[in-house]
Amino acid sequence: MGVHDDHRRRVYERFLREGLAGFEEHNAMEFLLFLARPRGDTNPLAHALIDRFGSLSAVLDAPIEELERVPGVGHSSAVALKFIPQMCAYYLENKTSHKVPLTSVEEASAFFMPKFFARTQEAFYMAAVDDRRVLLRCVLISEGSANATAVSVAKVVSEALKCGATGVMLAHNHPRGITLPSSSDMAVTREIYRALRLVNIQLLEHLIFADNEFLSFVQSNYMDSIRQSVQD
């Protein structure tokens, strides 16, 4: 057994014994690179990636083209690094996909949050529910840039009508911002509320996610403000 193989064995044993919690960033990155490079020393490359992008999370969020510009990172290594956050998101969404009905803010946030995991661009979702707030369908309405996405009000209404929904919940993310709604967030929520009201569908909630935090339009009284403005 070579020196690198012996080192890998010790890292694997440490992971199985302790998990990743006690790993330094470069150790965790080194371990990830084991998955793409079955032989050799990945420690220098782990340091190079973190030095280049600033943190492990920034490495995983980097575009694949940028990763491949780092000396020593081949296409398979770059793909493996991009796979990790996607797999985490898939795991979280799969784990929470049966958490219905969505009768509370906590249940709604637990359902939507995995959909924004590792996203670096804004995305806008709607969940259609019945009278008991049992989930009928969840639809990705739009995707955009790091700080904006164009939302089709007509698509929200159409998707809700398709499945016979009596209520709709909205959710989108602010990848590089805070959870407070922007003026455009308020405007599009107001437009959706008005359009759904015309077809007797209730807008129940709008959640905004930023990192591990979220804001509820209902709990923050933004929804009351929107209802009042539409009725006036």
# chains A, B, ... in the order shown; residues from 1 in each chain; ligands from 1

call {"tool": "residues_around", "arguments": {"residues": "Leu102 of chain A", "least_positions_apart": "3", "cutoff": "7 Å", "atoms": "only C-alpha atoms", "output": "PyMOL selection string"}}
result
chain A and resi 107-108+133-135

call {"tool": "residues_around", "arguments": {"residues": "Ser152 of chain A", "least_positions_apart": "5", "cutoff": "9 Å", "atoms": "only C-alpha atoms", "output": "PyMOL selection string"}}
result
chain A and resi 141-142+157+188+192

call {"tool": "closest_atom_pairs", "arguments": {"of": "segment 118-219 of chain A", "to": "segment 56-64 of chain A", "cutoff": "12 Å", "atoms": "only C-alpha atoms", "output": "tab-separated table"}}
result
residue	atom	partner	partner_atom	distance
A:Ala118	CA	A:Asp61	CA	6.9
A:Arg119	CA	A:Asp61	CA	8.0
A:Thr120	CA	A:Asp61	CA	7.1
A:Gln121	CA	A:Asp61	CA	10.6
A:Pro175	CA	A:Asp61	CA	11.2
A:Asp211	CA	A:Ser57	CA	11.8

call {"tool": "write_last_selection", "arguments": {"atoms": "N, CA and C atoms", "output": "JSON list (two decimals), in the first residue's frame"}}
result
[["chain", "number", "residue", "atom", "x", "y", "z"],
["A", 118, "ALA", "N", -28.69, 25.10, -2.79],
["A", 118, "ALA", "CA", -27.58, 25.20, -3.74],
["A", 118, "ALA", "C", -27.95, 25.95, -5.01],
["A", 119, "ARG", "N", -29.09, 26.60, -5.06],
["A", 119, "ARG", "CA", -29.43, 27.41, -6.24],
["A", 119, "ARG", "C", -28.68, 28.75, -6.19],
["A", 120, "THR", "N", -28.09, 29.13, -7.30],
["A", 120, "THR", "CA", -27.39, 30.41, -7.39],
["A", 120, "THR", "C", -28.19, 31.42, -8.22],
["A", 121, "GLN", "N", -29.35, 31.00, -8.71],
["A", 121, "GLN", "CA", -30.24, 31.89, -9.45],
["A", 121, "GLN", "C", -31.62, 31.88, -8.80],
["A", 175, "PRO", "N", -30.99, 34.54, -3.80],
["A", 175, "PRO", "CA", -29.70, 33.87, -3.61],
["A", 175, "PRO", "C", -28.61, 34.76, -3.02],
["A", 211, "ASP", "N", -30.53, 31.83, 1.93],
["A", 211, "ASP", "CA", -29.70, 30.91, 2.71],
["A", 211, "ASP", "C", -30.62, 29.98, 3.52]]

call {"tool": "select_by_dssp", "arguments": {"residues": "segment 3-65 of chain A", "states": "helix (DSSP H, G or I)", "output": "PyMOL selection string"}}
result
chain A and resi 3-18+25-36+43-53+56-61+64-65

call {"tool": "atom_distance", "arguments": {"atom1": "atom CA of Ala36 of chain A", "atom2": "atom CA of Ser77 of chain A"}}
result
5.1 Å

call {"tool": "residues_around", "arguments": {"residues": "Ala195 of chain A", "least_positions_apart": "4", "cutoff": "12 Å", "atoms": "only C-alpha atoms", "output": "PDB file with N, CA and C atoms, in the first residue's frame"}}
result
ATOM      1  N   SER A 152     -44.754  34.606 -14.666  1.00  0.00           N
ATOM      2  CA  SER A 152     -45.961  34.659 -15.477  1.00  0.00           C
ATOM      3  C   SER A 152     -47.172  34.439 -14.586  1.00  0.00           C
ATOM      4  N   VAL A 153     -47.961  35.483 -14.390  1.00  0.00           N
ATOM      5  CA  VAL A 153     -49.177  35.370 -13.589  1.00  0.00           C
ATOM      6  C   VAL A 153     -50.150  34.398 -14.254  1.00  0.00           C
ATOM      7  N   ALA A 154     -50.225  34.446 -15.571  1.00  0.00           N
ATOM      8  CA  ALA A 154     -51.128  33.566 -16.311  1.00  0.00           C
ATOM      9  C   ALA A 154     -50.774  32.101 -16.091  1.00  0.00           C
ATOM     10  N   LYS A 155     -49.476  31.804 -16.012  1.00  0.00           N
ATOM     11  CA  LYS A 155     -49.055  30.419 -15.797  1.00  0.00           C
ATOM     12  C   LYS A 155     -49.452  29.944 -14.403  1.00  0.00           C
ATOM     13  N   VAL A 156     -49.331  30.810 -13.419  1.00  0.00           N
ATOM     14  CA  VAL A 156     -49.744  30.443 -12.058  1.00  0.00           C
ATOM     15  C   VAL A 156     -51.221  30.075 -12.044  1.00  0.00           C
ATOM     16  N   VAL A 157     -52.047  30.924 -12.644  1.00  0.00           N
ATOM     17  CA  VAL A 157     -53.490  30.674 -12.666  1.00  0.00           C
ATOM     18  C   VAL A 157     -53.814  29.416 -13.452  1.00  0.00           C
ATOM     19  N   SER A 158     -53.178  29.248 -14.611  1.00  0.00           N
ATOM     20  CA  SER A 158     -53.434  28.091 -15.461  1.00  0.00           C
ATOM     21  C   SER A 158     -53.087  26.787 -14.752  1.00  0.00           C
ATOM     22  N   ALA A 160     -52.906  26.250 -11.538  1.00  0.00           N
ATOM     23  CA  ALA A 160     -53.830  26.037 -10.423  1.00  0.00           C
ATOM     24  C   ALA A 160     -55.168  25.486 -10.909  1.00  0.00           C
ATOM     25  N   LEU A 161     -55.652  26.011 -12.020  1.00  0.00           N
ATOM     26  CA  LEU A 161     -56.928  25.553 -12.565  1.00  0.00           C
ATOM     27  C   LEU A 161     -56.835  24.122 -13.091  1.00  0.00           C
ATOM     28  N   VAL A 168     -53.421  28.374  -3.315  1.00  0.00           N
ATOM     29  CA  VAL A 168     -52.077  28.393  -3.899  1.00  0.00           C
ATOM     30  C   VAL A 168     -51.095  28.962  -2.888  1.00  0.00           C
ATOM     31  N   VAL A 188     -45.792  41.575  -7.888  1.00  0.00           N
ATOM     32  CA  VAL A 188     -46.198  40.321  -8.540  1.00  0.00           C
ATOM     33  C   VAL A 188     -47.119  39.513  -7.621  1.00  0.00           C
ATOM     34  N   THR A 189     -46.907  39.586  -6.312  1.00  0.00           N
ATOM     35  CA  THR A 189     -47.803  38.891  -5.390  1.00  0.00           C
ATOM     36  C   THR A 189     -49.200  39.495  -5.460  1.00  0.00           C
ATOM     37  N   ARG A 190     -49.247  40.800  -5.549  1.00  0.00           N
ATOM     38  CA  ARG A 190     -50.540  41.494  -5.656  1.00  0.00           C
ATOM     39  C   ARG A 190     -51.252  41.100  -6.958  1.00  0.00           C
ATOM     40  N   GLU A 191     -50.498  41.017  -8.059  1.00  0.00           N
ATOM     41  CA  GLU A 191     -51.093  40.645  -9.341  1.00  0.00           C
ATOM     42  C   GLU A 191     -51.617  39.207  -9.309  1.00  0.00           C
ATOM     43  N   VAL A 199     -60.875  33.785 -10.183  1.00  0.00           N
ATOM     44  CA  VAL A 199     -61.300  32.408 -10.478  1.00  0.00           C
ATOM     45  C   VAL A 199     -61.564  31.628  -9.180  1.00  0.00           C
ATOM     46  N   ASN A 200     -61.805  32.373  -8.098  1.00  0.00           N
ATOM     47  CA  ASN A 200     -62.175  31.788  -6.805  1.00  0.00           C
ATOM     48  C   ASN A 200     -61.107  30.843  -6.226  1.00  0.00           C
ATOM     49  N   ILE A 201     -59.863  31.215  -6.409  1.00  0.00           N
ATOM     50  CA  ILE A 201     -58.750  30.483  -5.804  1.00  0.00           C
ATOM     51  C   ILE A 201     -58.047  31.425  -4.833  1.00  0.00           C
ATOM     52  N   GLN A 202     -57.766  30.935  -3.652  1.00  0.00           N
ATOM     53  CA  GLN A 202     -57.186  31.771  -2.605  1.00  0.00           C
ATOM     54  C   GLN A 202     -55.660  31.697  -2.629  1.00  0.00           C
ATOM     55  N   LEU A 203     -55.018  32.854  -2.555  1.00  0.00           N
ATOM     56  CA  LEU A 203     -53.571  32.897  -2.364  1.00  0.00           C
ATOM     57  C   LEU A 203     -53.311  32.805  -0.874  1.00  0.00           C
ATOM     58  N   VAL A 230     -55.999  45.202  -2.751  1.00  0.00           N
ATOM     59  CA  VAL A 230     -56.798  44.659  -3.846  1.00  0.00           C
ATOM     60  C   VAL A 230     -58.260  44.951  -3.634  1.00  0.00           C
TER      61      VAL A 230
END

call {"tool": "select_by_dssp", "arguments": {"residues": "segment 33-232 of chain A", "states": "strand (DSSP E or B)", "output": "PyMOL selection string"}}
result
chain A and resi 123-129+135-143+167-173+202-210+213-216

call {"tool": "write_last_selection", "arguments": {"atoms": "N, CA and C atoms", "output": "compact mmCIF listing (two decimals), in the first residue's frame"}}
result
# COMPACT_ATOMS: atom_id res chain seq x y z
N ALA A 123 -35.48 31.38 -8.41
CA ALA A 123 -36.48 30.45 -8.94
C ALA A 123 -37.80 30.73 -8.23
N PHE A 124 -38.89 30.53 -8.93
CA PHE A 124 -40.22 30.85 -8.42
C PHE A 124 -41.11 29.62 -8.56
N TYR A 125 -41.63 29.14 -7.43
CA TYR A 125 -42.48 27.94 -7.40
C TYR A 125 -43.88 28.29 -6.92
N MET A 126 -44.83 27.46 -7.33
CA MET A 126 -46.17 27.52 -6.77
C MET A 126 -46.60 26.11 -6.38
N ALA A 127 -47.28 26.01 -5.23
CA ALA A 127 -47.86 24.75 -4.79
C ALA A 127 -49.37 24.91 -4.80
N ALA A 128 -50.05 24.04 -5.51
CA ALA A 128 -51.51 24.06 -5.57
C ALA A 128 -52.05 23.07 -4.54
N VAL A 129 -53.03 23.51 -3.74
CA VAL A 129 -53.57 22.67 -2.68
C VAL A 129 -55.09 22.66 -2.75
N LEU A 135 -51.41 18.84 -0.74
CA LEU A 135 -50.71 19.21 -1.96
C LEU A 135 -51.25 18.46 -3.16
N LEU A 136 -51.61 19.20 -4.19
CA LEU A 136 -52.06 18.60 -5.45
C LEU A 136 -50.93 18.57 -6.47
N ARG A 137 -50.16 19.67 -6.51
CA ARG A 137 -49.07 19.75 -7.48
C ARG A 137 -48.16 20.91 -7.12
N CYS A 138 -46.86 20.74 -7.37
CA CYS A 138 -45.91 21.82 -7.20
C CYS A 138 -45.23 22.07 -8.55
N VAL A 139 -45.19 23.33 -8.96
CA VAL A 139 -44.70 23.67 -10.30
C VAL A 139 -43.63 24.75 -10.22
N LEU A 140 -42.55 24.56 -10.97
CA LEU A 140 -41.55 25.61 -11.15
C LEU A 140 -42.10 26.58 -12.19
N ILE A 141 -42.39 27.80 -11.78
CA ILE A 141 -42.98 28.78 -12.67
C ILE A 141 -41.94 29.46 -13.53
N SER A 142 -40.80 29.80 -12.93
CA SER A 142 -39.76 30.48 -13.70
C SER A 142 -38.42 30.40 -12.99
N GLU A 143 -37.36 30.60 -13.77
CA GLU A 143 -36.00 30.73 -13.27
C GLU A 143 -35.40 31.97 -13.90
N GLY A 167 -56.56 26.57 -3.42
CA GLY A 167 -55.58 27.45 -2.79
C GLY A 167 -54.22 27.31 -3.44
N VAL A 168 -53.42 28.37 -3.32
CA VAL A 168 -52.08 28.39 -3.90
C VAL A 168 -51.10 28.96 -2.89
N MET A 169 -49.92 28.36 -2.83
CA MET A 169 -48.82 28.91 -2.05
C MET A 169 -47.67 29.19 -3.01
N LEU A 170 -47.02 30.34 -2.81
CA LEU A 170 -45.90 30.75 -3.65
C LEU A 170 -44.61 30.71 -2.85
N ALA A 171 -43.50 30.52 -3.55
CA ALA A 171 -42.19 30.57 -2.89
C ALA A 171 -41.14 30.93 -3.91
N HIS A 172 -40.22 31.81 -3.51
CA HIS A 172 -39.06 32.07 -4.35
C HIS A 172 -37.87 32.40 -3.46
N ASN A 173 -36.70 32.51 -4.06
CA ASN A 173 -35.48 32.72 -3.29
C ASN A 173 -34.77 34.00 -3.68
N GLN A 202 -57.77 30.94 -3.65
CA GLN A 202 -57.19 31.77 -2.61
C GLN A 202 -55.66 31.70 -2.63
N LEU A 203 -55.02 32.85 -2.55
CA LEU A 203 -53.57 32.90 -2.36
C LEU A 203 -53.31 32.81 -0.87
N LEU A 204 -52.75 31.68 -0.45
CA LEU A 204 -52.61 31.38 0.98
C LEU A 204 -51.30 31.87 1.59
N GLU A 205 -50.24 31.90 0.80
CA GLU A 205 -48.93 32.20 1.36
C GLU A 205 -47.94 32.54 0.27
N HIS A 206 -46.95 33.32 0.62
CA HIS A 206 -45.78 33.55 -0.23
C HIS A 206 -44.57 33.54 0.69
N LEU A 207 -43.63 32.64 0.42
CA LEU A 207 -42.42 32.51 1.22
C LEU A 207 -41.21 32.96 0.41
N ILE A 208 -40.32 33.69 1.06
CA ILE A 208 -39.06 34.10 0.44
C ILE A 208 -37.91 33.48 1.23
N PHE A 209 -37.02 32.80 0.51
CA PHE A 209 -35.89 32.12 1.14
C PHE A 209 -34.58 32.80 0.79
N ALA A 210 -33.70 32.90 1.78
CA ALA A 210 -32.34 33.39 1.57
C ALA A 210 -31.43 32.61 2.51
N GLU A 213 -32.73 31.00 5.90
CA GLU A 213 -33.80 31.78 6.50
C GLU A 213 -34.95 31.92 5.52
N PHE A 214 -36.13 32.22 6.07
CA PHE A 214 -37.27 32.48 5.19
C PHE A 214 -38.18 33.52 5.82
N LEU A 215 -38.94 34.17 4.99
CA LEU A 215 -39.95 35.14 5.42
C LEU A 215 -41.30 34.68 4.92
N SER A 216 -42.31 34.74 5.80
CA SER A 216 -43.68 34.40 5.45
C SER A 216 -44.48 35.69 5.27

call {"tool": "closest_residue", "arguments": {"among": "A:Arg52, A:His26, A:Arg17, A:Arg9", "to": "Arg39 of chain A", "atoms": "only C-alpha atoms"}}
result
A:Arg9

call {"tool": "residues_around", "arguments": {"residues": "Glu30 of chain A", "least_positions_apart": "2", "cutoff": "12 Å", "atoms": "only C-alpha atoms", "output": "number ranges by chain"}}
result
A: 7-8, 11-12, 15, 20, 23-28, 32-38, 40-50, 56, 77, 81

call {"tool": "write_last_selection", "arguments": {"atoms": "N, CA, C and O atoms", "output": "tab-separated table (two decimals), in the first residue's frame"}}
result
chain	number	residue	atom	x	y	z
A	7	HIS	N	-2.94	7.14	3.47
A	7	HIS	CA	-3.58	8.38	3.91
A	7	HIS	C	-5.08	8.34	3.66
A	7	HIS	O	-5.89	8.72	4.52
A	8	ARG	N	-5.47	7.87	2.48
A	8	ARG	CA	-6.90	7.76	2.16
A	8	ARG	C	-7.62	6.85	3.16
A	8	ARG	O	-8.73	7.15	3.59
A	11	VAL	N	-8.28	8.71	6.28
A	11	VAL	CA	-9.35	9.70	6.11
A	11	VAL	C	-10.71	9.01	6.08
A	11	VAL	O	-11.67	9.48	6.71
A	12	TYR	N	-10.81	7.91	5.35
A	12	TYR	CA	-12.07	7.16	5.31
A	12	TYR	C	-12.46	6.69	6.72
A	12	TYR	O	-13.62	6.81	7.12
A	15	PHE	N	-13.74	9.55	8.76
A	15	PHE	CA	-15.10	9.93	8.35
A	15	PHE	C	-16.13	8.96	8.94
A	15	PHE	O	-17.16	9.39	9.47
A	20	LEU	N	-18.29	14.28	9.05
A	20	LEU	CA	-17.56	15.42	8.49
A	20	LEU	C	-17.47	16.61	9.43
A	20	LEU	O	-16.73	17.55	9.16
A	23	PHE	N	-14.03	17.98	10.30
A	23	PHE	CA	-13.09	18.19	9.20
A	23	PHE	C	-12.89	19.67	8.92
A	23	PHE	O	-13.85	20.45	8.93
A	24	GLU	N	-11.66	20.07	8.66
A	24	GLU	CA	-11.40	21.39	8.12
A	24	GLU	C	-11.91	21.43	6.68
A	24	GLU	O	-12.10	20.39	6.03
A	25	GLU	N	-12.09	22.65	6.14
A	25	GLU	CA	-12.61	22.77	4.78
A	25	GLU	C	-11.78	22.00	3.77
A	25	GLU	O	-12.31	21.31	2.90
A	26	HIS	N	-10.46	22.15	3.85
A	26	HIS	CA	-9.62	21.49	2.85
A	26	HIS	C	-9.65	19.98	3.01
A	26	HIS	O	-9.52	19.25	2.02
A	27	ASN	N	-9.86	19.48	4.26
A	27	ASN	CA	-9.99	18.03	4.47
A	27	ASN	C	-11.29	17.51	3.85
A	27	ASN	O	-11.31	16.43	3.24
A	28	ALA	N	-12.37	18.26	4.05
A	28	ALA	CA	-13.65	17.86	3.46
A	28	ALA	C	-13.58	17.89	1.93
A	28	ALA	O	-14.09	16.99	1.26
A	32	LEU	N	-14.03	14.83	-0.82
A	32	LEU	CA	-14.91	14.86	-2.00
A	32	LEU	C	-14.14	14.48	-3.26
A	32	LEU	O	-14.66	13.77	-4.12
A	33	LEU	N	-12.92	14.96	-3.37
A	33	LEU	CA	-12.11	14.67	-4.55
A	33	LEU	C	-11.72	13.20	-4.63
A	33	LEU	O	-11.42	12.71	-5.72
A	34	PHE	N	-11.72	12.50	-3.51
A	34	PHE	CA	-11.48	11.05	-3.53
A	34	PHE	C	-12.49	10.36	-4.46
A	34	PHE	O	-12.17	9.36	-5.11
A	35	LEU	N	-13.73	10.88	-4.46
A	35	LEU	CA	-14.80	10.26	-5.23
A	35	LEU	C	-14.53	10.33	-6.73
A	35	LEU	O	-14.98	9.47	-7.49
A	36	ALA	N	-13.84	11.38	-7.15
A	36	ALA	CA	-13.55	11.57	-8.58
A	36	ALA	C	-12.18	11.05	-8.97
A	36	ALA	O	-11.94	10.75	-10.15
A	37	ARG	N	-11.28	10.96	-8.01
A	37	ARG	CA	-9.90	10.53	-8.30
A	37	ARG	C	-9.55	9.35	-7.40
A	37	ARG	O	-9.17	9.54	-6.25
A	38	PRO	N	-9.69	8.15	-7.91
A	38	PRO	CA	-9.47	6.96	-7.08
A	38	PRO	C	-8.03	6.75	-6.64
A	38	PRO	O	-7.77	5.97	-5.74
A	40	GLY	N	-3.95	8.75	-5.99
A	40	GLY	CA	-3.16	9.96	-5.93
A	40	GLY	C	-3.50	10.86	-4.76
A	40	GLY	O	-4.45	10.62	-4.00
A	41	ASP	N	-2.71	11.93	-4.62
A	41	ASP	CA	-2.85	12.88	-3.52
A	41	ASP	C	-3.75	14.03	-3.95
A	41	ASP	O	-3.41	14.78	-4.88
A	42	THR	N	-4.90	14.18	-3.32
A	42	THR	CA	-5.84	15.26	-3.69
A	42	THR	C	-5.75	16.46	-2.74
A	42	THR	O	-6.44	17.44	-2.93
A	43	ASN	N	-4.87	16.37	-1.74
A	43	ASN	CA	-4.78	17.45	-0.76
A	43	ASN	C	-4.33	18.78	-1.38
A	43	ASN	O	-4.96	19.82	-1.13
A	44	PRO	N	-3.29	18.80	-2.23
A	44	PRO	CA	-2.89	20.06	-2.85
A	44	PRO	C	-3.99	20.67	-3.72
A	44	PRO	O	-4.18	21.90	-3.72
A	45	LEU	N	-4.73	19.82	-4.42
A	45	LEU	CA	-5.81	20.33	-5.26
A	45	LEU	C	-6.94	20.89	-4.41
A	45	LEU	O	-7.56	21.91	-4.76
A	46	ALA	N	-7.21	20.25	-3.27
A	46	ALA	CA	-8.24	20.76	-2.35
A	46	ALA	C	-7.88	22.16	-1.88
A	46	ALA	O	-8.71	23.07	-1.87
A	47	HIS	N	-6.61	22.35	-1.50
A	47	HIS	CA	-6.15	23.68	-1.08
A	47	HIS	C	-6.25	24.68	-2.23
A	47	HIS	O	-6.68	25.82	-2.03
A	48	ALA	N	-5.87	24.26	-3.43
A	48	ALA	CA	-5.89	25.15	-4.59
A	48	ALA	C	-7.31	25.62	-4.90
A	48	ALA	O	-7.54	26.80	-5.21
A	49	LEU	N	-8.28	24.72	-4.81
A	49	LEU	CA	-9.67	25.08	-5.10
A	49	LEU	C	-10.20	26.07	-4.07
A	49	LEU	O	-10.87	27.07	-4.43
A	50	ILE	N	-9.95	25.81	-2.80
A	50	ILE	CA	-10.46	26.70	-1.76
A	50	ILE	C	-9.75	28.05	-1.81
A	50	ILE	O	-10.37	29.10	-1.63
A	56	LEU	N	-15.31	26.21	0.67
A	56	LEU	CA	-15.82	24.97	0.09
A	56	LEU	C	-17.16	25.20	-0.60
A	56	LEU	O	-17.39	24.71	-1.71
A	77	SER	N	-13.66	15.45	-12.44
A	77	SER	CA	-13.60	16.05	-11.10
A	77	SER	C	-14.58	17.20	-10.98
A	77	SER	O	-15.27	17.34	-9.96
A	81	LEU	N	-17.85	17.49	-8.41
A	81	LEU	CA	-18.06	18.60	-7.49
A	81	LEU	C	-19.44	19.23	-7.70
A	81	LEU	O	-20.11	19.60	-6.73

call {"tool": "closest_residue", "arguments": {"among": "A:Gly74, A:Gly164, A:Gly177, A:Pro114", "to": "Glu93 of chain A", "atoms": "only C-alpha atoms"}}
result
A:Pro114

call {"tool": "closest_residue", "arguments": {"among": "A:Ser183, A:Ser55, A:Gln86, A:Thr103", "to": "Tyr222 of chain A", "atoms": "only C-alpha atoms"}}
result
A:Ser183
